[in-house]
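Reproduced below: target-v8.txt, with compact mmCIF, C-alpha atoms.
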```
# COMPACT_ATOMS: atom_id res chain seq x y z
CA MET A 1 128.13 133.14 112.92
CA ASN A 2 125.58 135.28 114.68
CA GLY A 3 124.54 134.89 118.32
CA PRO A 4 120.92 133.69 118.06
CA PHE A 5 121.86 131.11 115.39
CA GLU A 6 124.63 129.62 117.51
CA PHE A 7 122.40 129.60 120.60
CA THR A 8 119.47 127.96 118.83
CA LEU A 9 121.77 125.42 117.20
CA ARG A 10 123.17 124.39 120.60
CA LEU A 11 119.70 123.79 121.99
CA GLY A 12 118.60 121.92 118.88
CA ASP A 13 121.71 119.73 118.93
CA ASP A 14 121.24 118.95 122.65
CA ALA A 15 117.69 117.76 121.95
CA LEU A 16 118.59 115.84 118.79
CA ILE A 17 121.50 113.90 120.28
CA ALA A 18 119.53 113.22 123.47
CA ALA A 19 116.69 111.85 121.34
CA GLN A 20 119.01 109.56 119.38
CA ARG A 21 120.64 108.20 122.56
CA LEU A 22 117.34 107.63 124.37
CA ALA A 23 115.88 105.88 121.33
CA GLU A 24 118.63 103.25 121.69
CA TRP A 25 116.66 101.92 124.67
CA THR A 26 113.68 101.06 122.49
CA THR A 27 113.04 97.28 122.77
CA ARG A 28 115.87 97.07 125.35
CA ALA A 29 114.44 98.74 128.45
CA PRO A 30 114.09 96.68 131.65
CA GLU A 31 110.29 96.55 131.37
CA MET A 32 107.59 97.35 128.82
CA GLU A 33 106.33 100.49 130.57
CA GLU A 34 109.83 101.90 130.77
CA ASP A 35 110.47 101.06 127.14
CA ILE A 36 107.45 103.13 126.16
CA ALA A 37 108.38 105.93 128.54
CA LEU A 38 111.91 106.28 127.18
CA ALA A 39 110.67 106.17 123.59
CA ASN A 40 108.12 108.89 124.40
CA ILE A 41 110.75 111.09 126.00
CA ALA A 42 113.00 110.55 122.98
CA LEU A 43 110.10 111.58 120.76
CA ASP A 44 109.57 114.78 122.77
CA GLN A 45 113.26 115.60 122.42
CA LEU A 46 113.08 114.96 118.70
CA GLY A 47 110.04 117.23 118.42
CA ALA A 48 111.88 120.06 120.15
CA ALA A 49 114.98 119.39 118.02
CA ARG A 50 112.98 119.73 114.80
CA LEU A 51 111.53 123.09 115.83
CA LEU A 52 114.87 124.40 117.04
CA LEU A 53 116.92 123.21 114.06
CA THR A 54 114.32 124.52 111.60
CA TYR A 55 114.51 127.91 113.28
CA ALA A 56 118.32 127.79 113.45
CA GLY A 57 118.39 127.17 109.70
CA GLU A 58 116.20 130.22 109.13
CA LEU A 59 118.37 132.38 111.40
CA GLU A 60 121.49 131.30 109.53
CA GLY A 61 119.89 132.20 106.20
CA ALA A 62 122.07 129.82 104.19
CA GLY A 63 119.23 127.61 103.02
CA ARG A 64 119.83 124.74 105.44
CA ASP A 65 116.69 123.06 106.75
CA GLU A 66 116.31 120.70 109.74
CA ASP A 67 117.43 117.68 107.70
CA ALA A 68 120.52 119.42 106.33
CA LEU A 69 121.54 120.41 109.85
CA ALA A 70 120.81 117.00 111.38
CA PHE A 71 122.19 114.73 108.68
CA LEU A 72 124.82 116.64 106.74
CA ARG A 73 127.10 118.00 109.44
CA ASP A 74 130.18 116.24 110.82
CA ASP A 75 130.96 115.90 114.52
CA ARG A 76 133.09 119.04 114.69
CA GLU A 77 130.10 121.08 113.49
CA PHE A 78 127.78 119.82 116.22
CA ARG A 79 127.28 122.13 119.21
CA ASN A 80 125.59 119.80 121.70
CA CYS A 81 126.90 119.45 125.25
CA LEU A 82 129.01 116.36 126.00
CA LEU A 83 126.42 115.11 128.51
CA VAL A 84 123.89 114.05 125.86
CA GLU A 85 126.37 112.15 123.66
CA LEU A 86 127.74 109.98 126.48
CA PRO A 87 126.75 106.33 126.13
CA ASN A 88 123.60 105.20 127.95
CA GLY A 89 125.56 102.96 130.31
CA ASP A 90 123.35 101.01 132.69
CA PHE A 91 119.84 102.19 133.56
CA ALA A 92 121.16 104.29 136.46
CA VAL A 93 123.52 106.20 134.15
CA THR A 94 120.64 106.86 131.73
CA MET A 95 118.51 108.20 134.59
CA ALA A 96 121.36 110.37 135.93
CA LYS A 97 121.78 111.83 132.42
CA LEU A 98 118.04 112.42 132.08
CA LEU A 99 117.77 114.02 135.52
CA PHE A 100 120.57 116.50 134.83
CA LEU A 101 119.42 117.21 131.27
CA SER A 102 115.79 117.85 132.19
CA ALA A 103 116.72 119.88 135.29
CA TYR A 104 118.68 122.10 132.85
CA GLN A 105 116.17 122.13 130.00
CA LEU A 106 113.14 122.97 132.16
CA PRO A 107 114.40 126.35 133.47
CA LEU A 108 115.99 127.01 130.07
CA TYR A 109 112.74 126.54 128.13
CA THR A 110 110.84 128.43 130.84
CA ALA A 111 113.22 131.38 130.44
CA LEU A 112 112.83 131.20 126.64
CA ALA A 113 109.04 131.31 127.05
CA GLY A 114 109.40 134.65 128.83
CA GLY A 115 111.96 136.04 126.40
CA ALA A 116 111.86 138.53 123.54
CA ASP A 117 112.23 136.26 120.49
CA GLU A 118 108.73 135.29 119.34
CA ARG A 119 109.74 131.95 117.83
CA LEU A 120 111.79 130.91 120.86
CA VAL A 121 108.91 131.99 123.11
CA ALA A 122 106.61 129.57 121.27
CA ILE A 123 109.13 126.71 121.33
CA GLY A 124 109.98 127.29 125.01
CA ALA A 125 106.32 127.43 126.07
CA LYS A 126 105.63 124.16 124.30
CA ALA A 127 108.78 122.25 125.26
CA ARG A 128 108.80 123.18 128.94
CA LYS A 129 105.55 121.31 129.57
CA GLU A 130 107.18 118.17 128.18
CA SER A 131 110.42 118.78 130.11
CA ALA A 132 108.43 118.87 133.35
CA TYR A 133 107.32 115.30 132.66
CA HIS A 134 110.88 114.21 131.84
CA LEU A 135 112.18 115.71 135.07
CA ASP A 136 109.43 114.06 137.03
CA HIS A 137 110.14 110.68 135.47
CA ALA A 138 113.90 110.84 136.05
CA SER A 139 113.41 112.11 139.62
CA LEU A 140 111.13 109.20 140.47
CA TRP A 141 113.70 106.67 139.25
CA VAL A 142 116.68 108.36 140.88
CA ARG A 143 114.79 108.42 144.19
CA ARG A 144 113.66 104.83 143.82
CA LEU A 145 117.12 103.51 142.94
CA GLY A 146 119.08 105.74 145.33
CA ASP A 147 116.80 104.98 148.26
CA GLY A 148 116.34 101.34 147.22
CA THR A 149 118.54 98.32 147.85
CA GLU A 150 122.23 98.41 148.69
CA GLU A 151 123.05 97.44 145.11
CA SER A 152 120.70 99.95 143.46
CA HIS A 153 122.07 102.69 145.74
CA ARG A 154 125.64 101.78 144.87
CA ARG A 155 124.96 101.87 141.14
CA MET A 156 122.90 105.06 141.25
CA GLN A 157 125.65 106.81 143.23
CA ALA A 158 128.24 105.56 140.75
CA ALA A 159 126.13 106.94 137.91
CA VAL A 160 125.81 110.37 139.56
CA ASP A 161 129.57 110.41 140.21
CA GLU A 162 130.28 109.53 136.58
CA ILE A 163 127.87 112.03 134.97
CA TRP A 164 128.02 114.98 137.37
CA PRO A 165 131.28 116.51 135.99
CA TYR A 166 129.60 116.95 132.60
CA THR A 167 126.96 119.29 134.06
CA ALA A 168 129.47 122.14 134.43
CA GLU A 169 129.53 122.70 130.67
CA LEU A 170 125.77 123.35 130.62
CA PHE A 171 126.14 126.57 132.58
CA ALA A 172 129.14 128.19 130.88
CA PRO A 173 128.42 131.94 130.86
CA ASP A 174 127.25 133.45 127.57
CA PRO A 175 126.07 136.99 128.35
CA GLY A 176 125.11 137.74 124.73
CA ALA A 177 122.77 134.77 124.34
CA PRO A 178 118.95 135.08 124.45
CA VAL A 179 119.23 133.21 127.78
CA ASP A 180 122.60 133.26 129.57
CA PRO A 181 123.03 129.62 130.69
CA SER A 182 124.88 130.67 133.87
CA THR A 183 121.64 132.21 135.18
CA LEU A 184 119.98 128.76 135.16
CA ARG A 185 122.41 127.19 137.61
CA PRO A 186 120.66 128.16 140.89
CA GLU A 187 117.36 126.56 139.83
CA PHE A 188 119.18 123.48 138.49
CA GLU A 189 121.06 123.04 141.77
CA ARG A 190 117.92 123.60 143.85
CA VAL A 191 116.06 120.81 142.02
CA VAL A 192 118.98 118.39 141.85
CA THR A 193 119.93 118.92 145.51
CA GLU A 194 116.38 118.10 146.55
CA VAL A 195 116.16 114.94 144.43
CA LEU A 196 119.59 113.66 145.47
CA ALA A 197 118.88 114.32 149.15
CA GLU A 198 115.64 112.33 149.00
CA ALA A 199 117.51 109.60 147.14
CA THR A 200 120.19 109.53 149.87
CA LEU A 201 122.79 110.41 147.22
CA THR A 202 125.48 113.08 147.00
CA TRP A 203 127.27 114.71 144.12
CA PRO A 204 131.06 114.47 143.95
CA GLU A 205 133.24 117.36 145.08
CA SER A 206 135.72 116.83 142.25
CA GLY A 207 136.54 119.94 140.26
CA TRP A 208 136.97 118.05 136.99
CA ALA A 209 134.76 119.81 134.43
CA PRO A 210 135.09 118.44 130.91
CA ALA A 211 133.82 120.78 128.18
CA GLY A 212 134.22 121.54 124.49
CA GLY A 213 130.91 120.43 123.02
CA ARG A 214 129.80 124.02 122.40
CA ASP A 215 132.99 124.51 120.32
CA GLY A 216 132.58 121.27 118.39
CA LEU A 217 135.21 119.41 120.43
CA HIS A 218 133.43 116.19 121.33
CA THR A 219 134.11 112.86 122.99
CA GLU A 220 134.86 109.88 120.75
CA HIS A 221 131.26 108.71 121.27
CA LEU A 222 129.60 111.32 119.06
CA SER A 223 131.05 110.13 115.75
CA TYR A 224 129.66 106.62 116.25
CA LEU A 225 126.25 108.03 117.14
CA LEU A 226 126.26 110.25 114.05
CA ALA A 227 127.36 107.38 111.82
CA GLU A 228 124.25 105.45 112.79
CA MET A 229 121.91 108.44 112.72
CA GLN A 230 123.11 109.83 109.39
CA VAL A 231 123.88 106.72 107.34
CA LEU A 232 120.56 106.48 105.53
CA HIS A 233 120.35 110.14 104.58
CA ARG A 234 123.97 110.19 103.42
CA ALA A 235 123.54 107.03 101.36
CA HIS A 236 120.39 108.40 99.75
CA PRO A 237 120.69 112.20 99.82
CA GLY A 238 117.34 113.94 99.81
CA ALA A 239 115.39 110.68 100.22
CA ARG A 240 111.78 111.22 101.30
CA TRP A 241 108.86 109.00 102.17
CA MET B 1 76.69 121.92 100.88
CA VAL B 2 79.20 121.27 103.64
CA THR B 3 81.16 124.38 104.58
CA ALA B 4 84.94 124.20 104.74
CA ARG B 5 84.77 124.69 108.49
CA GLU B 6 82.30 121.80 108.94
CA ALA B 7 84.36 119.50 106.73
CA VAL B 8 87.57 120.16 108.67
CA ALA B 9 85.90 120.08 112.09
CA ALA B 10 84.62 116.55 111.35
CA VAL B 11 88.13 115.11 110.77
CA VAL B 12 88.91 112.58 113.49
CA ASP B 13 92.17 112.36 115.37
CA PRO B 14 94.09 109.37 113.91
CA GLU B 15 95.30 108.15 117.32
CA ILE B 16 92.14 108.77 119.36
CA ARG B 17 89.55 107.97 116.76
CA VAL B 18 86.51 108.82 118.89
CA LEU B 19 87.43 112.51 118.89
CA THR B 20 87.39 115.09 116.12
CA ILE B 21 90.35 117.44 115.84
CA ASP B 22 87.94 120.23 116.76
CA GLU B 23 86.94 118.52 120.01
CA LEU B 24 90.59 117.78 120.78
CA GLY B 25 91.26 121.51 120.50
CA ILE B 26 94.05 121.31 117.93
CA LEU B 27 92.04 123.05 115.17
CA ARG B 28 92.77 126.75 115.48
CA SER B 29 91.07 128.27 112.44
CA VAL B 30 89.55 127.64 109.02
CA GLU B 31 89.56 130.60 106.67
CA GLU B 32 88.08 130.61 103.22
CA ASP B 33 88.81 133.30 100.66
CA PRO B 34 85.36 134.05 99.16
CA ALA B 35 86.90 135.27 95.90
CA THR B 36 89.22 132.35 95.12
CA GLY B 37 87.71 129.59 97.26
CA ARG B 38 91.15 128.90 98.74
CA VAL B 39 91.01 127.49 102.27
CA VAL B 40 93.70 128.02 104.88
CA VAL B 41 93.51 125.72 107.91
CA THR B 42 95.61 126.33 111.01
CA ILE B 43 96.33 123.51 113.47
CA THR B 44 98.60 123.06 116.49
CA PRO B 45 100.23 119.84 117.74
CA THR B 46 99.43 118.30 121.11
CA TYR B 47 103.10 117.37 121.63
CA THR B 48 106.04 118.77 119.66
CA GLY B 49 107.00 115.33 118.42
CA CYS B 50 103.47 114.14 117.70
CA PRO B 51 103.92 111.68 114.81
CA ALA B 52 100.26 111.98 113.77
CA MET B 53 100.59 115.51 112.37
CA ASP B 54 101.36 114.40 108.81
CA VAL B 55 98.32 112.12 108.80
CA ILE B 56 96.13 114.88 110.21
CA ARG B 57 97.28 117.30 107.52
CA ALA B 58 96.55 114.75 104.80
CA ASP B 59 93.13 113.93 106.31
CA ILE B 60 92.21 117.62 106.38
CA ARG B 61 93.13 118.09 102.72
CA ARG B 62 91.20 114.95 101.78
CA ALA B 63 88.10 116.08 103.72
CA LEU B 64 88.21 119.50 102.07
CA ALA B 65 88.62 118.04 98.61
CA ALA B 66 85.65 115.74 99.19
CA ALA B 67 83.58 118.73 100.32
CA GLY B 68 84.42 120.67 97.16
CA HIS B 69 87.41 122.67 98.39
CA PRO B 70 90.39 121.32 96.45
CA ASP B 71 92.56 124.41 96.96
CA ALA B 72 93.69 124.08 100.59
CA GLU B 73 96.70 124.83 102.69
CA VAL B 74 97.32 123.49 106.20
CA ARG B 75 99.51 125.60 108.47
CA THR B 76 100.97 124.55 111.82
CA VAL B 77 101.42 126.98 114.70
CA HIS B 78 102.99 126.31 118.10
CA HIS B 79 101.91 129.42 119.95
CA PRO B 80 99.96 129.55 122.14
CA ALA B 81 100.87 126.02 123.20
CA TRP B 82 98.07 123.44 123.20
CA SER B 83 96.66 122.53 126.57
CA THR B 84 94.35 119.70 127.56
CA ASP B 85 92.05 122.49 128.82
CA TRP B 86 91.20 123.04 125.15
CA ILE B 87 89.46 119.67 124.89
CA SER B 88 85.73 120.40 124.62
CA ASP B 89 83.11 119.06 127.01
CA SER B 90 81.73 116.80 124.30
CA GLY B 91 85.30 115.61 123.67
CA ARG B 92 85.75 114.75 127.36
CA ALA B 93 82.49 112.82 127.38
CA LYS B 94 83.53 110.88 124.28
CA LEU B 95 86.93 110.06 125.81
CA ALA B 96 85.29 108.68 128.94
CA GLY B 97 82.83 106.73 126.78
CA ALA B 98 85.74 105.13 124.95
CA GLY B 99 87.43 104.05 128.19
CA ILE B 100 90.01 106.84 128.25
CA ALA B 101 89.99 108.86 131.47
CA PRO B 102 89.85 112.55 130.53
CA PRO B 103 92.47 114.95 131.93
CA ALA B 104 91.96 117.06 135.03
CA PRO B 105 92.12 120.84 134.61
CA VAL B 106 95.70 122.07 134.32
CA ARG B 107 96.96 123.84 137.44
CA PRO B 108 98.51 127.27 137.04
CA ARG B 109 101.89 125.85 138.10
CA GLY B 110 101.99 123.31 135.31
CA VAL B 111 102.01 119.57 135.68
CA VAL B 112 99.39 117.98 137.91
CA PRO B 113 100.96 116.09 140.83
CA LEU B 114 100.87 112.31 140.89
CA THR B 115 98.63 112.14 143.92
CA LEU B 116 95.54 113.45 142.13
CA SER B 117 92.95 110.71 141.81
CA VAL B 118 91.85 109.65 138.33
CA ARG B 119 88.44 108.00 138.12
CA CYS B 120 88.19 104.65 136.37
CA PRO B 121 86.32 105.26 133.09
CA ARG B 122 84.72 101.81 133.34
CA CYS B 123 83.39 101.56 136.91
CA GLY B 124 83.85 105.13 138.12
CA SER B 125 85.93 104.17 141.14
CA PRO B 126 88.52 106.71 142.36
CA GLU B 127 90.65 103.78 143.61
CA THR B 128 93.11 103.81 140.74
CA GLU B 129 96.87 103.77 140.33
CA GLN B 130 99.32 104.84 137.67
CA LEU B 131 101.20 101.99 136.01
CA SER B 132 103.23 104.14 133.70
CA ARG B 133 103.51 107.86 133.17
CA PHE B 134 103.81 107.28 129.43
CA GLY B 135 101.27 105.28 127.45
CA SER B 136 100.39 104.11 123.96
CA THR B 137 100.74 107.64 122.57
CA ALA B 138 102.65 110.72 123.76
CA CYS B 139 99.50 112.26 125.23
CA LYS B 140 98.41 109.29 127.34
CA ALA B 141 99.49 107.54 130.56
CA LEU B 142 98.67 103.98 131.57
CA TRP B 143 96.53 103.48 134.70
CA ARG B 144 94.82 100.59 136.47
CA CYS B 145 91.64 100.46 138.53
CA ARG B 146 92.05 98.78 141.92
CA SER B 147 88.29 98.20 142.18
CA CYS B 148 87.54 96.48 138.88
CA SER B 149 91.18 95.58 138.04
CA GLU B 150 90.89 96.94 134.48
CA PRO B 151 93.81 98.85 133.00
CA PHE B 152 92.90 102.04 131.14
CA ASP B 153 94.44 104.98 129.30
CA HIS B 154 94.43 108.42 130.87
CA LEU B 155 94.92 111.56 128.80
CA LYS B 156 97.61 113.47 130.72
CA ALA B 157 96.91 117.03 131.78
CA LEU B 158 99.30 119.26 129.83
```
Final structure tokens representation of the file:
Amino acid sequence: MNGPFEFTLRLGDDALIAAQRLAEWTTRAPEMEEDIALANIALDQLGAARLLLTYAGELEGAGRDEDALAFLRDDREFRNCLLVELPNGDFAVTMAKLLFLSAYQLPLYTALAGGADERLVAIGAKARKESAYHLDHASLWVRRLGDGTEESHRRMQAAVDEIWPYTAELFAPDPGAPVDPSTLRPEFERVVTEVLAEATLTWPESGWAPAGGRDGLHTEHLSYLLAEMQVLHRAHPGARW
Amino acid sequence: MVTAREAVAAVVDPEIRVLTIDELGILRSVEEDPATGRVVVTITPTYTGCPAMDVIRADIRRALAAAGHPDAEVRTVHHPAWSTDWISDSGRAKLAGAGIAPPAPVRPRGVVPLTLSVRCPRCGSPETEQLSRFGSTACKALWRCRSCSEPFDHLKAL
């Protein structure tokens, strides 16, 4: 496998799995406006995933298009981070996941937009505008819940404590990649520190840092997600409408 | 005789039907090969996941065929990324006329902060509030006027 293919595949898989998870909220969100918001964010992630997976397929040069990569790979072949495949949990967990994901994707796409690869420049420039909205949305909710009632604070803090360890994997050094993820950490921490402080929340000091997603070693949750996402395409290979 | 450019420029956006794709700023170019009559249209999406793109492509091909240009290809580009600054003045006026508050100019630093006042497209009052950052389509947010109490769509600056 070559470097740019692997890198682009990781980003595409992050966006695809995040989209699938967020879409689970559709018709189930706590209020109509939030239902629409989460579906829109899922749609943005899916849009980015399609561009990234299409490009990854071209880089690989083995004739796989976006559908082949999305629907015809098994869990061990997916390269998404563990963070995006974790279950949605309660609304606080979903917002903690979205805060950390968008605080990572925004500087990542911004760096891509200033990079050397023309296709990734175009994708980064487009996707970062959408990421800014996602980050804004998650930040508003984390602030509102963290600095809200005793119960909302308790649950938001529990969500941050639960999800935080999974952020370490996002910044594993990869010096050969078009953007080395470790260089994104300072901006991520600056944004997250600010939001958590305003929300009267803290992140845990624990050193536990689960990883493996980039090597295809996933949590048990990914297989179930893929089963639902891929069932139609696998039952009717090549189906179109 | 309607030129290929005129035929394509008159296609309306399927989700905001008061605007043409030209006024929305997603039509990048229309090129006709004088020798073969083949038309190549280039468009760009507002949002990466915009679900209306397939319909727009089909509408463009249908408009060209009706105008006597059956041999057409529609290409999609993502660079440079679409911005609400590309919406024409006539497009902004039509949005406001249809009760959709047009977007403010995009700041150099990206997303416009929440505090910026959006005028109610019905009564013109600046006393408005955002109900939801995400609206009926990816490009819109839901707002409400505190003066006349009407809810309205606002095309987000992007």
- What's the 7 Å shell around range 177-191 of chain A, counting all atoms listed in the file, without same-chain residues fewer than 2 positions away, as a PyMOL selection string? chain A and resi 3-4+7+103-104+107-108+111-112+170-175+193-195
Let's have the selection written as an mmCIF file, in the frame of the given file, with C-alpha atoms.
```
data_model
loop_
_atom_site.group_PDB
_atom_site.id
_atom_site.type_symbol
_atom_site.label_atom_id
_atom_site.label_comp_id
_atom_site.auth_asym_id
_atom_site.auth_seq_id
_atom_site.Cartn_x
_atom_site.Cartn_y
_atom_site.Cartn_z
ATOM 1 C CA GLY A 3 124.540 134.890 118.320
ATOM 2 C CA PRO A 4 120.920 133.690 118.060
ATOM 3 C CA PHE A 7 122.400 129.600 120.600
ATOM 4 C CA ALA A 103 116.720 119.880 135.290
ATOM 5 C CA TYR A 104 118.680 122.100 132.850
ATOM 6 C CA PRO A 107 114.400 126.350 133.470
ATOM 7 C CA LEU A 108 115.990 127.010 130.070
ATOM 8 C CA ALA A 111 113.220 131.380 130.440
ATOM 9 C CA LEU A 112 112.830 131.200 126.640
ATOM 10 C CA LEU A 170 125.770 123.350 130.620
ATOM 11 C CA PHE A 171 126.140 126.570 132.580
ATOM 12 C CA ALA A 172 129.140 128.190 130.880
ATOM 13 C CA PRO A 173 128.420 131.940 130.860
ATOM 14 C CA ASP A 174 127.250 133.450 127.570
ATOM 15 C CA PRO A 175 126.070 136.990 128.350
ATOM 16 C CA THR A 193 119.930 118.920 145.510
ATOM 17 C CA GLU A 194 116.380 118.100 146.550
ATOM 18 C CA VAL A 195 116.160 114.940 144.430
#
```
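All residues of protein, DNA or RNA that reach within 7 Å of Arg28 in chain B, judged by all atoms listed in the file and not counting those fewer than 2 positions away in the chain, are Ile26, Thr42, Ile43 and Thr44 of chain B.
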- Residue with smallest distance to chain B - pool A:Leu106, A:Leu59, A:Leu9, A:Leu83, counting only C-alpha atoms: A:Leu106
- Task: Identify every residue of chain B that has at least one atom within 12 Å of any atom of chain A, counting only C-alpha atoms, and report the result as number ranges by chain.
- Result: B: 44-51, 53-54, 76-84, 106-114, 130-143, 156-158
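Comparing B:Ala35, B:Ala101, B:Ala93, B:Val8 by their smallest distance to Arg62 in chain B, the closest is B:Val8 (using all atoms listed in the file).
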- Item | Sphere at (132.5, 119.5, 127.7), radius 10 Å, counting all atoms listed in the file: residues as a PyMOL selection string | chain A and resi 80-83+165-170+172+209-219
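Note that CA of Ser102 in chain A and CA of Ile17 in chain A are 13.8 Å apart.
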